[in-house]
Amino acid sequence: MVEKIPKQPRASKALDIVGLKKSFGSVEILKSIDVNMDKGDFLVLVGPSGCGKSTLLNCIAGLEEVSGGEISIGGRNVTQSPPRERNIAMVFQSYALYPSMSVAQNIAFGMKVRKVPKEQSEAKTAQVAKILQIEPLLDRKPGQLSGGQRQRGAMGRALVRDPELFLFDEPLSNLDAKLRVEMRGEIRSLHQRLGASIVYVTHDQVEAMTLGTHIVVLRDGEIQQNGTPDEIYNHPANLFVADFMGSPPMNLIGAQVRVGKNSMDLDFGDGVSLMQKPVPAGLRALDGKRVIVGIRPETLMLQKPGTGDLNLVVSNLENTGSDVYVTLDLGGNKFLARLGGRQKIKPGDRLALKIQGNSVCYFDPETEQAIG
């Protein structure tokens, strides 16, 4: 029996999920999920494999029966509604195109089933093909298309529905790196042009950061953080989000706090310390205690020798052309800096580094939560 939640949905929301639970037998997959999005938002569900993001998307689509809570789409409670009554369109990872049909027939298939008049169906197909720039491909079969072209065809089939909500289930994971970048740009442009409401599942945090207006980070069926890309990236709620969101990930190093009147020192050991001011309110009561210090590799800038916030020895480096990833020794811990390419750096060099702006994060080592 589905557990009833007394809270009423907000009619202005494109999607409103309240207290959603999903179990398979005794295994709890989703643990009281609360998520909502406004019309025109691009909501990304991101997290590692097995975190529950695809299960959540399937619950929204009606492909999975929920164990508790409510789902509303456009102000309508659809918790018990079959997929065909939810006014959604879904784009799958596997494209799910009919191989014996042309691209045009695939796009128009749903309209044919719904008995949309032929002239209206053809006009809608032509309109969507123009938006997706696949007009020359309409007569081809899926087997004659590249991966990117097939995904455009699958998106076209969803677009002709003109739904309340688009659901994307890892649509780019089968594409190579170059095509993923191109298709990310196309999906972003599509969202901007149409103002569509989109829920998008991915395990790729680069996709999440570049596409989403809001991001929900999931772990083990629970929401770790829900916010804008800037909030998620610059102010992670806990150690998991700090480590998961970012490529390369945030440096997370233990340090002892020594609080002064207007500043504080973070002692990393081996004679290495970092002076910070002003002192965050949450750290004033932690004088003499240990915290986890978070510093993003790209916030570090090379300075003249003897200056900067940190002076560290290079242990290794990797030059990718546009960037050089430098591994340094910070109190016996590996510490990564992402610097501009063509730097004349070699192992054994001592680098002076400055941290840009007020970008250092702090975490409680026991609760793993951010310290404000």
# chains A, B, ... in the order shown; residues from 1 in each chain; ligands from 1
call {"tool": "residues_around", "arguments": {"residues": "A:Ala89", "least_positions_apart": "6", "cutoff": "7 Å", "atoms": "only C-alpha atoms", "output": "PyMOL selection string"}}
result
chain A and resi 158+161+163+165-167
call {"tool": "residues_around", "arguments": {"residues": "A:Glu222", "least_positions_apart": "3", "cutoff": "12 Å", "atoms": "only C-alpha atoms", "output": "ChimeraX atom specification"}}
result
/A:19-22,28-35,45-47,50-53,56,216-219,225-226
call {"tool": "select_by_dssp", "arguments": {"residues": "stretch 137-357 of chain A", "states": "alpha helix (DSSP H)", "output": "MDAnalysis selection string"}}
result
chainID A and resid 147:159 177:194 205:211 229:234 239:244
call {"tool": "write_last_selection", "arguments": {"atoms": "C-alpha atoms", "output": "compact mmCIF listing (two decimals), in the first residue's frame"}}
result
# COMPACT_ATOMS: atom_id res chain seq x y z
CA GLY A 147 25.37 8.00 -32.70
CA GLY A 148 24.84 11.75 -32.50
CA GLN A 149 22.34 11.68 -35.39
CA ARG A 150 20.41 8.83 -33.76
CA GLN A 151 20.18 10.79 -30.54
CA ARG A 152 18.84 13.79 -32.44
CA GLY A 153 16.21 11.49 -33.94
CA ALA A 154 15.25 10.24 -30.48
CA MET A 155 15.03 13.83 -29.24
CA GLY A 156 12.84 14.71 -32.23
CA ARG A 157 10.37 11.97 -31.31
CA ALA A 158 10.15 13.48 -27.82
CA LEU A 159 9.85 17.08 -29.03
CA ALA A 177 33.95 12.45 -25.96
CA LYS A 178 33.78 14.90 -28.91
CA LEU A 179 30.16 14.05 -29.71
CA ARG A 180 29.19 14.38 -26.03
CA VAL A 181 30.49 17.95 -26.01
CA GLU A 182 28.59 18.77 -29.23
CA MET A 183 25.34 17.20 -28.03
CA ARG A 184 25.62 18.96 -24.64
CA GLY A 185 25.69 22.24 -26.52
CA GLU A 186 22.70 21.25 -28.63
CA ILE A 187 20.62 20.17 -25.63
CA ARG A 188 21.49 23.41 -23.83
CA SER A 189 20.54 25.49 -26.90
CA LEU A 190 17.33 23.50 -27.28
CA HIS A 191 16.37 24.23 -23.68
CA GLN A 192 17.07 27.94 -24.11
CA ARG A 193 15.07 28.19 -27.35
CA LEU A 194 12.05 26.19 -26.21
CA GLN A 205 29.32 15.97 -13.15
CA VAL A 206 30.62 18.00 -16.14
CA GLU A 207 27.24 17.44 -17.85
CA ALA A 208 25.49 18.40 -14.63
CA MET A 209 27.45 21.65 -14.27
CA THR A 210 27.13 22.74 -17.91
CA LEU A 211 23.45 21.86 -18.46
CA PRO A 229 25.53 24.81 -10.15
CA ASP A 230 27.36 27.70 -8.44
CA GLU A 231 26.06 26.70 -5.00
CA ILE A 232 26.94 23.04 -5.50
CA TYR A 233 30.42 23.80 -6.81
CA ASN A 234 31.50 26.70 -4.62
CA LEU A 239 32.64 16.01 1.89
CA PHE A 240 30.85 13.73 -0.58
CA VAL A 241 29.61 16.63 -2.73
CA ALA A 242 33.00 18.36 -2.50
CA ASP A 243 34.79 15.26 -3.73
CA PHE A 244 32.23 14.18 -6.33
call {"tool": "closest_residue", "arguments": {"among": "A:Gly271, A:Pro280, A:Pro136, A:Gly308", "to": "A:Ile355", "atoms": "only C-alpha atoms"}}
result
A:Gly308
call {"tool": "select_by_dssp", "arguments": {"residues": "stretch 99-336 of chain A", "states": "strand (DSSP E)", "output": "ChimeraX atom specification"}}
result
/A:165-169,198-202,214-219,222-227,251-259,264-269,272-276,290-295,300-303,310-319,323-330,333-336
call {"tool": "residues_around", "arguments": {"residues": "A:Val66", "least_positions_apart": "2", "cutoff": "9 Å", "atoms": "only C-alpha atoms", "output": "JSON, numbers by chain"}}
result
{"A": [2, 20, 21, 22, 23, 59, 62, 64, 68, 69, 70, 79, 80]}
call {"tool": "closest_residue", "arguments": {"among": "A:His235, A:Glu119, A:Met111, A:Arg140", "to": "A:Pro99", "atoms": "only C-alpha atoms"}}
result
A:Arg140
call {"tool": "closest_atom_pairs", "arguments": {"of": "stretch 55-105 of chain A", "to": "stretch 123-127 of chain A", "cutoff": "10 Å", "atoms": "only C-alpha atoms", "output": "Markdown table"}}
result
| residue | atom | partner | partner_atom | distance |
| --- | --- | --- | --- | --- |
| A:Val103 | CA | A:Thr125 | CA | 9.7 |
| A:Ala104 | CA | A:Thr125 | CA | 6.8 |
| A:Gln105 | CA | A:Thr125 | CA | 8.9 |
call {"tool": "closest_residue", "arguments": {"among": "A:Met301, A:Leu336, A:Val201, A:Ala285", "to": "A:Asn251", "atoms": "only C-alpha atoms"}}
result
A:Leu336
